[in-house]
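Asks: After the structure tokens below, expect a handful of questions from me.
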Amino acid sequence: MEPMDTAEDLRAGTLVLRLGYDGSAYSGFAEQIEQKTVAGEVRRALETFLRREIDLTCAGRTDAGVHAIGQYVSVPVDAAELEVTRTRWMRAFAALLPHDIAVSEVYHAAPGFSARFDARARTYTYRIATGDAPPLLTRSVTWWHRWPLDVDAMDDAAQRLVGERDFKSFCKTASAVGKPTCRNVMDVSFARETNLGEECLAFTIKGNAFLHSMVRTIVGTLVEVGCHRREPAWIDEVLAACDRAAAGPTAPACGLCFMGVDYDKDALVVCP
């Protein structure tokens, strides 16, 4: 890319990337001083290619150790940068990103589009392995819980979370101070999966947005029910308490994966 004139108008359009990452080696998505982060690596790759500073926005910040297969980021670009082909972008990202981060698609969106504020819903899946033998090939993306779980009881409890609720009990205490904690959970489900020959229980949750550690705290709380340490109706009490101490433990980060984001139809167009 040729260096861009600092006066160049960046309102021509928006570059949007769908990317995945193995979060094991990162201190989360958001950039932090003297920490290795996903955003830091993506920014470095983009700025190297574009030869300028960028304004990077993500659909949702993931915690340290959390993975993604459908994270979205947006970057305002000028008219010349909109002319860069998909093939050239994909080759650049393959060369400039570390092996544990990959861009799976490149889109164009209208000027002012935000991967965060234009998102209509976000979906996460948490994977749990039970049984005497720990997962081997999927160990970095699965929580080995070992003990059997009553999935019917967990599903009963999980369905009580659907709808517009105050999820303060499921939020990291410090991050909830002075901030709204109501969110809309649209759907929850459990399924049995086999990945690379290894079985796991997959809990999927879809919502308009999520609080800090919300999904992992929900999973830890549901596991309490699955182990018969609590009844499904306990979830109602946890919600009503609006107190993090009322909920169960936070499940390990390794089992959580950011699966995808919903945007308005036609908001994103695949880069030619």
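In the structure tokens, chains take letters A, B, ... by order of appearance, with residues numbered from 1 within each chain and ligands from 1 in the order shown.
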Hey, what does DSSP flag as helix (DSSP H, G or I) within range 68-183 of chain A? Can you give it to me as a CSV table (one decimal) with N, CA and C atoms, in the first residue's frame?

Replies:
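The resulting selection37.csv:
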```csv
chain,number,residue,atom,x,y,z
A,79,ALA,N,-11.2,5.4,0.2
A,79,ALA,CA,-11.6,4.8,-1.1
A,79,ALA,C,-10.5,3.9,-1.7
A,80,ALA,N,-9.3,4.3,-1.6
A,80,ALA,CA,-8.2,3.5,-2.2
A,80,ALA,C,-8.1,2.1,-1.5
A,81,GLU,N,-8.3,2.1,-0.2
A,81,GLU,CA,-8.2,0.9,0.6
A,81,GLU,C,-9.4,0.0,0.3
A,82,LEU,N,-10.5,0.6,-0.1
A,82,LEU,CA,-11.7,-0.2,-0.4
A,82,LEU,C,-11.4,-1.0,-1.7
A,86,ARG,N,-10.1,-9.1,-2.0
A,86,ARG,CA,-10.2,-10.1,-0.9
A,86,ARG,C,-8.9,-11.0,-1.0
A,87,THR,N,-8.5,-11.4,-2.1
A,87,THR,CA,-7.3,-12.2,-2.3
A,87,THR,C,-6.1,-11.6,-1.7
A,88,ARG,N,-5.9,-10.3,-1.9
A,88,ARG,CA,-4.7,-9.6,-1.4
A,88,ARG,C,-4.8,-9.5,0.1
A,89,TRP,N,-6.0,-9.2,0.6
A,89,TRP,CA,-6.2,-9.1,2.1
A,89,TRP,C,-5.9,-10.4,2.7
A,90,MET,N,-6.4,-11.5,2.2
A,90,MET,CA,-6.3,-12.8,2.8
A,90,MET,C,-4.8,-13.3,2.8
A,91,ARG,N,-4.1,-13.0,1.7
A,91,ARG,CA,-2.7,-13.3,1.7
A,91,ARG,C,-1.9,-12.5,2.7
A,92,ALA,N,-2.3,-11.2,2.9
A,92,ALA,CA,-1.6,-10.3,3.8
A,92,ALA,C,-1.8,-10.8,5.2
A,93,PHE,N,-3.0,-11.2,5.6
A,93,PHE,CA,-3.3,-11.6,6.9
A,93,PHE,C,-2.6,-13.0,7.2
A,94,ALA,N,-2.5,-13.9,6.2
A,94,ALA,CA,-1.9,-15.1,6.4
A,94,ALA,C,-0.4,-14.9,6.7
A,95,ALA,N,0.2,-13.9,6.1
A,95,ALA,CA,1.6,-13.6,6.3
A,95,ALA,C,1.9,-12.8,7.6
A,96,LEU,N,1.0,-11.9,8.0
A,96,LEU,CA,1.3,-10.9,9.0
A,96,LEU,C,0.7,-11.3,10.4
A,139,ARG,N,-8.4,-30.6,24.2
A,139,ARG,CA,-8.2,-30.2,25.6
A,139,ARG,C,-8.1,-28.7,25.7
A,140,SER,N,-7.6,-28.0,24.7
A,140,SER,CA,-7.4,-26.6,24.8
A,140,SER,C,-8.7,-25.8,24.7
A,141,VAL,N,-9.7,-26.4,24.2
A,141,VAL,CA,-11.0,-25.7,23.9
A,141,VAL,C,-12.2,-26.4,24.7
A,151,VAL,N,-28.1,-33.2,32.4
A,151,VAL,CA,-28.3,-32.2,31.3
A,151,VAL,C,-29.8,-31.7,31.4
A,152,ASP,N,-30.7,-32.6,31.7
A,152,ASP,CA,-32.1,-32.1,31.7
A,152,ASP,C,-32.3,-31.1,32.8
A,153,ALA,N,-31.7,-31.3,34.0
A,153,ALA,CA,-31.8,-30.3,35.0
A,153,ALA,C,-31.1,-29.0,34.7
A,154,MET,N,-30.0,-29.1,34.0
A,154,MET,CA,-29.3,-27.9,33.6
A,154,MET,C,-30.1,-27.1,32.5
A,155,ASP,N,-30.7,-27.9,31.6
A,155,ASP,CA,-31.6,-27.2,30.6
A,155,ASP,C,-32.7,-26.5,31.3
A,156,ASP,N,-33.3,-27.2,32.3
A,156,ASP,CA,-34.5,-26.5,33.0
A,156,ASP,C,-34.0,-25.2,33.6
A,157,ALA,N,-32.8,-25.3,34.2
A,157,ALA,CA,-32.3,-24.1,34.9
A,157,ALA,C,-32.0,-23.0,33.8
A,158,ALA,N,-31.4,-23.4,32.7
A,158,ALA,CA,-30.9,-22.5,31.7
A,158,ALA,C,-32.1,-21.7,31.1
A,159,GLN,N,-33.2,-22.4,30.9
A,159,GLN,CA,-34.4,-21.8,30.3
A,159,GLN,C,-34.9,-20.6,31.1
A,168,LYS,N,-26.9,-9.1,37.0
A,168,LYS,CA,-25.8,-8.6,37.8
A,168,LYS,C,-25.2,-9.7,38.6
A,169,SER,N,-26.0,-10.7,39.0
A,169,SER,CA,-25.4,-11.9,39.8
A,169,SER,C,-24.4,-12.7,39.0
A,170,PHE,N,-24.5,-12.5,37.6
A,170,PHE,CA,-23.6,-13.3,36.8
A,170,PHE,C,-22.5,-12.5,36.2
A,173,THR,N,-18.0,-8.6,39.7
A,173,THR,CA,-18.4,-7.5,40.6
A,173,THR,C,-17.8,-6.1,40.2
A,174,ALA,N,-16.5,-6.0,40.0
A,174,ALA,CA,-15.9,-4.7,39.8
A,174,ALA,C,-16.4,-4.1,38.5
A,175,SER,N,-16.7,-4.9,37.5
A,175,SER,CA,-17.1,-4.3,36.2
A,175,SER,C,-18.6,-3.9,36.2
A,176,ALA,N,-19.3,-4.2,37.2
A,176,ALA,CA,-20.8,-3.9,37.3
A,176,ALA,C,-21.0,-2.5,38.0
```

Asks: Can you tell me, as a list in words, what residues are no more than 12 Å from Asp262 in chain A when counting only C-alpha atoms, ignoring any on the same chain fewer than 4 positions away?

Replies: Arg18, Ala59, Gly70, Gln71, Tyr72, Ala115, Arg116, Phe117, Asp118, Ala119, Arg120, Ala121, Arg122, Thr123, Tyr124, Lys206, Gly207, Asn208, Ala209, Asp266, Ala267 and Leu268 of chain A

Asks: Find the residues near Thr14 in chain A: any atom within 12 Å, counting only C-alpha atoms, skip ones fewer than 6 places away on the same chain, and give them as a PDB file with all heavy atoms, in the first residue's frame.

Replies:
```
ATOM      1  N   ILE A  54      -4.700   2.909  12.783  1.00  0.00           N
ATOM      2  CA  ILE A  54      -6.088   2.559  12.511  1.00  0.00           C
ATOM      3  C   ILE A  54      -6.942   2.700  13.772  1.00  0.00           C
ATOM      4  O   ILE A  54      -6.429   2.769  14.897  1.00  0.00           O
ATOM      5  CB  ILE A  54      -6.217   1.110  11.997  1.00  0.00           C
ATOM      6  CG1 ILE A  54      -5.733   0.111  13.077  1.00  0.00           C
ATOM      7  CG2 ILE A  54      -5.464   0.921  10.695  1.00  0.00           C
ATOM      8  CD1 ILE A  54      -6.169  -1.305  12.838  1.00  0.00           C
ATOM      9  N   ASP A  55      -8.247   2.746  13.568  1.00  0.00           N
ATOM     10  CA  ASP A  55      -9.226   2.757  14.650  1.00  0.00           C
ATOM     11  C   ASP A  55      -9.945   1.419  14.598  1.00  0.00           C
ATOM     12  O   ASP A  55     -10.735   1.161  13.682  1.00  0.00           O
ATOM     13  CB  ASP A  55     -10.207   3.918  14.442  1.00  0.00           C
ATOM     14  CG  ASP A  55     -11.237   4.014  15.559  1.00  0.00           C
ATOM     15  OD1 ASP A  55     -11.052   3.340  16.587  1.00  0.00           O
ATOM     16  OD2 ASP A  55     -12.229   4.743  15.385  1.00  0.00           O
ATOM     17  N   LEU A  56      -9.668   0.542  15.548  1.00  0.00           N
ATOM     18  CA  LEU A  56     -10.162  -0.842  15.536  1.00  0.00           C
ATOM     19  C   LEU A  56     -11.291  -1.026  16.548  1.00  0.00           C
ATOM     20  O   LEU A  56     -11.141  -0.695  17.719  1.00  0.00           O
ATOM     21  CB  LEU A  56      -9.006  -1.791  15.861  1.00  0.00           C
ATOM     22  CG  LEU A  56      -9.283  -3.288  15.833  1.00  0.00           C
ATOM     23  CD1 LEU A  56      -9.495  -3.758  14.401  1.00  0.00           C
ATOM     24  CD2 LEU A  56      -8.106  -4.049  16.460  1.00  0.00           C
ATOM     25  N   THR A  57     -12.407  -1.574  16.102  1.00  0.00           N
ATOM     26  CA  THR A  57     -13.552  -1.842  16.981  1.00  0.00           C
ATOM     27  C   THR A  57     -13.943  -3.304  16.860  1.00  0.00           C
ATOM     28  O   THR A  57     -14.016  -3.844  15.745  1.00  0.00           O
ATOM     29  CB  THR A  57     -14.761  -0.964  16.592  1.00  0.00           C
ATOM     30  OG1 THR A  57     -14.388   0.411  16.662  1.00  0.00           O
ATOM     31  CG2 THR A  57     -15.936  -1.211  17.520  1.00  0.00           C
ATOM     32  N   VAL A  73     -14.404  -7.501  13.613  1.00  0.00           N
ATOM     33  CA  VAL A  73     -13.783  -6.214  13.900  1.00  0.00           C
ATOM     34  C   VAL A  73     -14.018  -5.287  12.713  1.00  0.00           C
ATOM     35  O   VAL A  73     -14.110  -5.737  11.563  1.00  0.00           O
ATOM     36  CB  VAL A  73     -12.270  -6.346  14.180  1.00  0.00           C
ATOM     37  CG1 VAL A  73     -12.022  -7.212  15.400  1.00  0.00           C
ATOM     38  CG2 VAL A  73     -11.536  -6.899  12.970  1.00  0.00           C
ATOM     39  N   SER A  74     -14.124  -3.994  12.988  1.00  0.00           N
ATOM     40  CA  SER A  74     -14.351  -3.015  11.930  1.00  0.00           C
ATOM     41  C   SER A  74     -13.293  -1.921  11.974  1.00  0.00           C
ATOM     42  O   SER A  74     -12.816  -1.550  13.044  1.00  0.00           O
ATOM     43  CB  SER A  74     -15.755  -2.409  12.055  1.00  0.00           C
ATOM     44  OG  SER A  74     -15.957  -1.826  13.334  1.00  0.00           O
ATOM     45  N   VAL A  75     -12.953  -1.422  10.785  1.00  0.00           N
ATOM     46  CA  VAL A  75     -11.934  -0.393  10.640  1.00  0.00           C
ATOM     47  C   VAL A  75     -12.376   0.595   9.551  1.00  0.00           C
ATOM     48  O   VAL A  75     -12.640   0.164   8.415  1.00  0.00           O
ATOM     49  CB  VAL A  75     -10.569  -0.998  10.226  1.00  0.00           C
ATOM     50  CG1 VAL A  75      -9.512   0.098  10.077  1.00  0.00           C
ATOM     51  CG2 VAL A  75     -10.118  -2.042  11.226  1.00  0.00           C
ATOM     52  N   PRO A  76     -12.477   1.902   9.845  1.00  0.00           N
ATOM     53  CA  PRO A  76     -12.787   2.884   8.795  1.00  0.00           C
ATOM     54  C   PRO A  76     -11.650   2.918   7.778  1.00  0.00           C
ATOM     55  O   PRO A  76     -10.475   2.900   8.150  1.00  0.00           O
ATOM     56  CB  PRO A  76     -12.890   4.205   9.560  1.00  0.00           C
ATOM     57  CG  PRO A  76     -13.119   3.816  10.985  1.00  0.00           C
ATOM     58  CD  PRO A  76     -12.378   2.530  11.177  1.00  0.00           C
ATOM     59  N   VAL A  77     -12.003   2.962   6.492  1.00  0.00           N
ATOM     60  CA  VAL A  77     -10.985   2.985   5.440  1.00  0.00           C
ATOM     61  C   VAL A  77     -11.325   4.032   4.378  1.00  0.00           C
ATOM     62  O   VAL A  77     -12.457   4.500   4.292  1.00  0.00           O
ATOM     63  CB  VAL A  77     -10.839   1.594   4.765  1.00  0.00           C
ATOM     64  CG1 VAL A  77     -10.206   0.594   5.714  1.00  0.00           C
ATOM     65  CG2 VAL A  77     -12.190   1.084   4.265  1.00  0.00           C
ATOM     66  N   ASP A  78     -10.322   4.380   3.569  1.00  0.00           N
ATOM     67  CA  ASP A  78     -10.536   5.355   2.501  1.00  0.00           C
ATOM     68  C   ASP A  78     -10.889   4.638   1.201  1.00  0.00           C
ATOM     69  O   ASP A  78     -10.902   3.404   1.125  1.00  0.00           O
ATOM     70  CB  ASP A  78      -9.325   6.267   2.356  1.00  0.00           C
ATOM     71  CG  ASP A  78      -8.082   5.540   1.869  1.00  0.00           C
ATOM     72  OD1 ASP A  78      -8.205   4.430   1.305  1.00  0.00           O
ATOM     73  OD2 ASP A  78      -6.973   6.084   2.038  1.00  0.00           O
ATOM     74  N   ALA A  79     -11.151   5.404   0.171  1.00  0.00           N
ATOM     75  CA  ALA A  79     -11.594   4.843  -1.101  1.00  0.00           C
ATOM     76  C   ALA A  79     -10.548   3.910  -1.712  1.00  0.00           C
ATOM     77  O   ALA A  79     -10.879   2.850  -2.254  1.00  0.00           O
ATOM     78  CB  ALA A  79     -11.937   5.968  -2.070  1.00  0.00           C
ATOM     79  N   ALA A  80      -9.277   4.290  -1.627  1.00  0.00           N
ATOM     80  CA  ALA A  80      -8.218   3.457  -2.203  1.00  0.00           C
ATOM     81  C   ALA A  80      -8.129   2.114  -1.482  1.00  0.00           C
ATOM     82  O   ALA A  80      -7.904   1.065  -2.108  1.00  0.00           O
ATOM     83  CB  ALA A  80      -6.879   4.189  -2.145  1.00  0.00           C
ATOM     84  N   GLU A  81      -8.299   2.126  -0.167  1.00  0.00           N
ATOM     85  CA  GLU A  81      -8.214   0.886   0.614  1.00  0.00           C
ATOM     86  C   GLU A  81      -9.404  -0.024   0.345  1.00  0.00           C
ATOM     87  O   GLU A  81      -9.298  -1.250   0.462  1.00  0.00           O
ATOM     88  CB  GLU A  81      -8.098   1.237   2.093  1.00  0.00           C
ATOM     89  CG  GLU A  81      -6.763   1.897   2.416  1.00  0.00           C
ATOM     90  CD  GLU A  81      -6.742   2.631   3.740  1.00  0.00           C
ATOM     91  OE1 GLU A  81      -7.818   2.798   4.369  1.00  0.00           O
ATOM     92  OE2 GLU A  81      -5.648   3.065   4.156  1.00  0.00           O
ATOM     93  N   LEU A  82     -10.524   0.564  -0.057  1.00  0.00           N
ATOM     94  CA  LEU A  82     -11.690  -0.249  -0.426  1.00  0.00           C
ATOM     95  C   LEU A  82     -11.449  -1.006  -1.728  1.00  0.00           C
ATOM     96  O   LEU A  82     -12.148  -1.974  -2.025  1.00  0.00           O
ATOM     97  CB  LEU A  82     -12.933   0.635  -0.571  1.00  0.00           C
ATOM     98  CG  LEU A  82     -13.591   1.111   0.723  1.00  0.00           C
ATOM     99  CD1 LEU A  82     -14.735   2.071   0.395  1.00  0.00           C
ATOM    100  CD2 LEU A  82     -14.114  -0.055   1.547  1.00  0.00           C
ATOM    101  N   GLU A  83     -10.463  -0.564  -2.490  1.00  0.00           N
ATOM    102  CA  GLU A  83     -10.163  -1.221  -3.765  1.00  0.00           C
ATOM    103  C   GLU A  83      -9.288  -2.465  -3.595  1.00  0.00           C
ATOM    104  O   GLU A  83      -9.112  -3.246  -4.521  1.00  0.00           O
ATOM    105  CB  GLU A  83      -9.464  -0.229  -4.701  1.00  0.00           C
ATOM    106  CG  GLU A  83     -10.329   0.954  -5.127  1.00  0.00           C
ATOM    107  CD  GLU A  83     -11.566   0.515  -5.896  1.00  0.00           C
ATOM    108  OE1 GLU A  83     -11.422  -0.375  -6.762  1.00  0.00           O
ATOM    109  OE2 GLU A  83     -12.656   1.057  -5.631  1.00  0.00           O
ATOM    110  N   VAL A 106     -13.477 -11.331   4.692  1.00  0.00           N
ATOM    111  CA  VAL A 106     -13.293  -9.883   4.627  1.00  0.00           C
ATOM    112  C   VAL A 106     -14.542  -9.277   3.999  1.00  0.00           C
ATOM    113  O   VAL A 106     -14.989  -9.720   2.936  1.00  0.00           O
ATOM    114  CB  VAL A 106     -12.055  -9.515   3.784  1.00  0.00           C
ATOM    115  CG1 VAL A 106     -11.853  -8.007   3.764  1.00  0.00           C
ATOM    116  CG2 VAL A 106     -10.813 -10.220   4.314  1.00  0.00           C
ATOM    117  N   TYR A 107     -15.090  -8.258   4.654  1.00  0.00           N
ATOM    118  CA  TYR A 107     -16.317  -7.612   4.171  1.00  0.00           C
ATOM    119  C   TYR A 107     -16.107  -6.109   4.011  1.00  0.00           C
ATOM    120  O   TYR A 107     -15.193  -5.517   4.585  1.00  0.00           O
ATOM    121  CB  TYR A 107     -17.458  -7.809   5.181  1.00  0.00           C
ATOM    122  CG  TYR A 107     -17.826  -9.234   5.498  1.00  0.00           C
ATOM    123  CD1 TYR A 107     -17.259  -9.873   6.608  1.00  0.00           C
ATOM    124  CD2 TYR A 107     -18.748  -9.921   4.733  1.00  0.00           C
ATOM    125  CE1 TYR A 107     -17.598 -11.174   6.926  1.00  0.00           C
ATOM    126  CE2 TYR A 107     -19.106 -11.232   5.053  1.00  0.00           C
ATOM    127  CZ  TYR A 107     -18.529 -11.855   6.150  1.00  0.00           C
ATOM    128  OH  TYR A 107     -18.868 -13.147   6.473  1.00  0.00           O
ATOM    129  N   HIS A 108     -17.033  -5.499   3.256  1.00  0.00           N
ATOM    130  CA  HIS A 108     -17.170  -4.050   3.217  1.00  0.00           C
ATOM    131  C   HIS A 108     -18.505  -3.694   3.860  1.00  0.00           C
ATOM    132  O   HIS A 108     -19.483  -4.443   3.748  1.00  0.00           O
ATOM    133  CB  HIS A 108     -17.154  -3.535   1.779  1.00  0.00           C
ATOM    134  CG  HIS A 108     -15.816  -3.620   1.119  1.00  0.00           C
ATOM    135  ND1 HIS A 108     -15.642  -3.480  -0.243  1.00  0.00           N
ATOM    136  CD2 HIS A 108     -14.573  -3.815   1.645  1.00  0.00           C
ATOM    137  CE1 HIS A 108     -14.357  -3.591  -0.524  1.00  0.00           C
ATOM    138  NE2 HIS A 108     -13.695  -3.797   0.599  1.00  0.00           N
ATOM    139  N   ALA A 109     -18.550  -2.564   4.544  1.00  0.00           N
ATOM    140  CA  ALA A 109     -19.778  -2.048   5.140  1.00  0.00           C
ATOM    141  C   ALA A 109     -19.834  -0.551   4.911  1.00  0.00           C
ATOM    142  O   ALA A 109     -18.850   0.077   4.486  1.00  0.00           O
ATOM    143  CB  ALA A 109     -19.836  -2.369   6.633  1.00  0.00           C
ATOM    144  N   ALA A 110     -20.980   0.026   5.204  1.00  0.00           N
ATOM    145  CA  ALA A 110     -21.183   1.460   4.977  1.00  0.00           C
ATOM    146  C   ALA A 110     -20.297   2.298   5.894  1.00  0.00           C
ATOM    147  O   ALA A 110     -19.855   1.830   6.950  1.00  0.00           O
ATOM    148  CB  ALA A 110     -22.647   1.807   5.213  1.00  0.00           C
ATOM    149  N   PRO A 111     -20.036   3.545   5.526  1.00  0.00           N
ATOM    150  CA  PRO A 111     -19.289   4.445   6.412  1.00  0.00           C
ATOM    151  C   PRO A 111     -19.996   4.542   7.767  1.00  0.00           C
ATOM    152  O   PRO A 111     -21.223   4.598   7.842  1.00  0.00           O
ATOM    153  CB  PRO A 111     -19.350   5.789   5.675  1.00  0.00           C
ATOM    154  CG  PRO A 111     -19.556   5.427   4.238  1.00  0.00           C
ATOM    155  CD  PRO A 111     -20.414   4.208   4.250  1.00  0.00           C
ATOM    156  N   GLY A 112     -19.223   4.543   8.835  1.00  0.00           N
ATOM    157  CA  GLY A 112     -19.795   4.644  10.168  1.00  0.00           C
ATOM    158  C   GLY A 112     -20.241   3.332  10.772  1.00  0.00           C
ATOM    159  O   GLY A 112     -20.647   3.289  11.942  1.00  0.00           O
ATOM    160  N   PHE A 113     -20.150   2.228  10.009  1.00  0.00           N
ATOM    161  CA  PHE A 113     -20.531   0.927  10.560  1.00  0.00           C
ATOM    162  C   PHE A 113     -19.608   0.561  11.709  1.00  0.00           C
ATOM    163  O   PHE A 113     -18.401   0.760  11.651  1.00  0.00           O
ATOM    164  CB  PHE A 113     -20.458  -0.152   9.480  1.00  0.00           C
ATOM    165  CG  PHE A 113     -20.735  -1.542   9.987  1.00  0.00           C
ATOM    166  CD1 PHE A 113     -22.027  -2.040  10.031  1.00  0.00           C
ATOM    167  CD2 PHE A 113     -19.696  -2.349  10.443  1.00  0.00           C
ATOM    168  CE1 PHE A 113     -22.276  -3.315  10.505  1.00  0.00           C
ATOM    169  CE2 PHE A 113     -19.940  -3.629  10.917  1.00  0.00           C
ATOM    170  CZ  PHE A 113     -21.231  -4.105  10.948  1.00  0.00           C
ATOM    171  N   SER A 114     -20.195  -0.002  12.779  1.00  0.00           N
ATOM    172  CA  SER A 114     -19.423  -0.435  13.948  1.00  0.00           C
ATOM    173  C   SER A 114     -19.686  -1.906  14.239  1.00  0.00           C
ATOM    174  O   SER A 114     -20.841  -2.308  14.390  1.00  0.00           O
ATOM    175  CB  SER A 114     -19.801   0.399  15.178  1.00  0.00           C
ATOM    176  OG  SER A 114     -19.267  -0.163  16.354  1.00  0.00           O
ATOM    177  N   ALA A 115     -18.625  -2.696  14.314  1.00  0.00           N
ATOM    178  CA  ALA A 115     -18.777  -4.109  14.641  1.00  0.00           C
ATOM    179  C   ALA A 115     -19.444  -4.295  15.995  1.00  0.00           C
ATOM    180  O   ALA A 115     -20.147  -5.282  16.231  1.00  0.00           O
ATOM    181  CB  ALA A 115     -17.412  -4.793  14.636  1.00  0.00           C
ATOM    182  N   ALA A 267     -25.982  -5.738   5.662  1.00  0.00           N
ATOM    183  CA  ALA A 267     -25.071  -4.771   6.274  1.00  0.00           C
ATOM    184  C   ALA A 267     -23.634  -5.032   5.858  1.00  0.00           C
ATOM    185  O   ALA A 267     -22.836  -4.096   5.721  1.00  0.00           O
ATOM    186  CB  ALA A 267     -25.196  -4.817   7.794  1.00  0.00           C
ATOM    187  N   LEU A 268     -23.320  -6.305   5.625  1.00  0.00           N
ATOM    188  CA  LEU A 268     -21.968  -6.692   5.240  1.00  0.00           C
ATOM    189  C   LEU A 268     -21.987  -7.281   3.831  1.00  0.00           C
ATOM    190  O   LEU A 268     -22.835  -8.123   3.515  1.00  0.00           O
ATOM    191  CB  LEU A 268     -21.394  -7.726   6.208  1.00  0.00           C
ATOM    192  CG  LEU A 268     -21.326  -7.333   7.686  1.00  0.00           C
ATOM    193  CD1 LEU A 268     -20.748  -8.470   8.506  1.00  0.00           C
ATOM    194  CD2 LEU A 268     -20.516  -6.065   7.867  1.00  0.00           C
ATOM    195  N   VAL A 269     -21.042  -6.861   3.008  1.00  0.00           N
ATOM    196  CA  VAL A 269     -20.898  -7.380   1.655  1.00  0.00           C
ATOM    197  C   VAL A 269     -19.491  -7.957   1.525  1.00  0.00           C
ATOM    198  O   VAL A 269     -18.505  -7.272   1.858  1.00  0.00           O
ATOM    199  CB  VAL A 269     -21.109  -6.266   0.606  1.00  0.00           C
ATOM    200  CG1 VAL A 269     -20.881  -6.820  -0.798  1.00  0.00           C
ATOM    201  CG2 VAL A 269     -22.498  -5.684   0.733  1.00  0.00           C
ATOM    202  N   VAL A 270     -19.392  -9.198   1.060  1.00  0.00           N
ATOM    203  CA  VAL A 270     -18.080  -9.821   0.935  1.00  0.00           C
ATOM    204  C   VAL A 270     -17.201  -9.015  -0.016  1.00  0.00           C
ATOM    205  O   VAL A 270     -17.633  -8.608  -1.107  1.00  0.00           O
ATOM    206  CB  VAL A 270     -18.212 -11.269   0.411  1.00  0.00           C
ATOM    207  CG1 VAL A 270     -16.825 -11.881   0.194  1.00  0.00           C
ATOM    208  CG2 VAL A 270     -18.996 -12.114   1.411  1.00  0.00           C
ATOM    209  N   CYS A 271     -15.991  -8.762   0.433  1.00  0.00           N
ATOM    210  CA  CYS A 271     -15.024  -8.004  -0.374  1.00  0.00           C
ATOM    211  C   CYS A 271     -14.758  -8.728  -1.700  1.00  0.00           C
ATOM    212  O   CYS A 271     -14.503  -9.921  -1.706  1.00  0.00           O
ATOM    213  CB  CYS A 271     -13.727  -7.857   0.425  1.00  0.00           C
ATOM    214  SG  CYS A 271     -12.427  -6.966  -0.429  1.00  0.00           S
TER     215      CYS A 271
END
```

Asks: Would you pick out the contacts of range 218-226 of chain A at 6 Å or less, using only C-alpha atoms, so that residues sharing its chain but fewer than 5 positions from it are not included, and give the list as a ChimeraX atom specification?

Replies: /A:149-150,154,231,247-251

Asks: Under the rule that only C-alpha atoms are counted, which of A:Val215, A:Val185, A:Ile33, A:Val42 is the nearest residue to Tyr126 in chain A?

Replies: A:Val215

Asks: From a DSSP pass on the backbone, collect the residues of range 93-226 of chain A flagged as strand (DSSP E) and hand them back as a PyMOL selection string.

Replies: chain A and resi 101-109+121-130+143-146+163-166+182-195+198-207

Asks: Using the selection just defined, write its residues with C-alpha atoms as a CSV table (one decimal), in the first residue's frame.

Replies:
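Wrote it out as selection_36.csv, contents follow:
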```
chain,number,residue,atom,x,y,z
A,101,ILE,CA,-5.2,-15.9,14.8
A,102,ALA,CA,-6.8,-16.2,11.4
A,103,VAL,CA,-9.1,-14.1,9.3
A,104,SER,CA,-11.8,-16.2,7.7
A,105,GLU,CA,-13.6,-13.5,5.7
A,106,VAL,CA,-13.3,-9.9,4.6
A,107,TYR,CA,-16.3,-7.6,4.2
A,108,HIS,CA,-17.2,-4.1,3.2
A,109,ALA,CA,-19.8,-2.0,5.1
A,121,ALA,CA,-26.9,-10.5,18.8
A,122,ARG,CA,-23.9,-12.5,19.8
A,123,THR,CA,-23.5,-16.2,20.2
A,124,TYR,CA,-21.2,-18.2,22.5
A,125,THR,CA,-20.7,-21.9,23.0
A,126,TYR,CA,-19.2,-23.5,26.1
A,127,ARG,CA,-17.9,-27.1,25.8
A,128,ILE,CA,-17.6,-29.5,28.7
A,129,ALA,CA,-16.1,-33.0,28.7
A,130,THR,CA,-17.1,-35.5,31.4
A,143,TRP,CA,-13.3,-27.9,30.2
A,144,TRP,CA,-12.7,-31.4,31.6
A,145,HIS,CA,-15.2,-31.5,34.4
A,146,ARG,CA,-14.9,-35.3,34.9
A,163,GLY,CA,-35.7,-13.0,28.3
A,164,GLU,CA,-34.8,-9.5,29.5
A,165,ARG,CA,-33.2,-9.9,32.9
A,166,ASP,CA,-30.9,-8.2,35.3
A,182,CYS,CA,-29.8,-5.8,32.2
A,183,ARG,CA,-29.4,-8.0,29.1
A,184,ASN,CA,-31.7,-9.9,26.7
A,185,VAL,CA,-30.9,-13.7,26.4
A,186,MET,CA,-32.7,-14.8,23.3
A,187,ASP,CA,-31.9,-18.6,23.3
A,188,VAL,CA,-30.1,-21.3,25.2
A,189,SER,CA,-29.5,-24.9,24.3
A,190,PHE,CA,-27.5,-28.0,25.0
A,191,ALA,CA,-26.2,-30.5,22.5
A,192,ARG,CA,-23.8,-33.4,22.4
A,193,GLU,CA,-20.9,-32.9,20.0
A,194,THR,CA,-18.1,-35.1,18.7
A,195,ASN,CA,-15.0,-33.2,17.7
A,198,GLU,CA,-13.9,-36.7,21.4
A,199,GLU,CA,-17.3,-36.2,22.9
A,200,CYS,CA,-18.4,-33.1,24.8
A,201,LEU,CA,-21.5,-31.3,26.0
A,202,ALA,CA,-21.9,-28.0,24.3
A,203,PHE,CA,-24.0,-25.2,25.9
A,204,THR,CA,-24.9,-22.4,23.4
A,205,ILE,CA,-26.3,-19.0,24.5
A,206,LYS,CA,-27.4,-16.2,22.3
A,207,GLY,CA,-28.1,-12.6,23.5
```

Asks: What gap, in Å, lies between CA of Asp100 in chain A and CA of Ser24 in chain A?

Replies: 8.9 Å

Asks: Could you jot down the CA of Leu15 in chain A to CA of Cys257 in chain A separation for me, Å, one decimal place?

Replies: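 Result for CA of Leu15 in chain A versus CA of Cys257 in chain A: 23.4 Å, one decimal.
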
Asks: Tell me which of A:Val84, A:Ala253, A:Cys171, A:Val38 sits closest to Leu50 in chain A, counting only C-alpha atoms.

Replies: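 Comparing A:Val84, A:Ala253, A:Cys171, A:Val38 against Leu50 in chain A, the winner is A:Val84.
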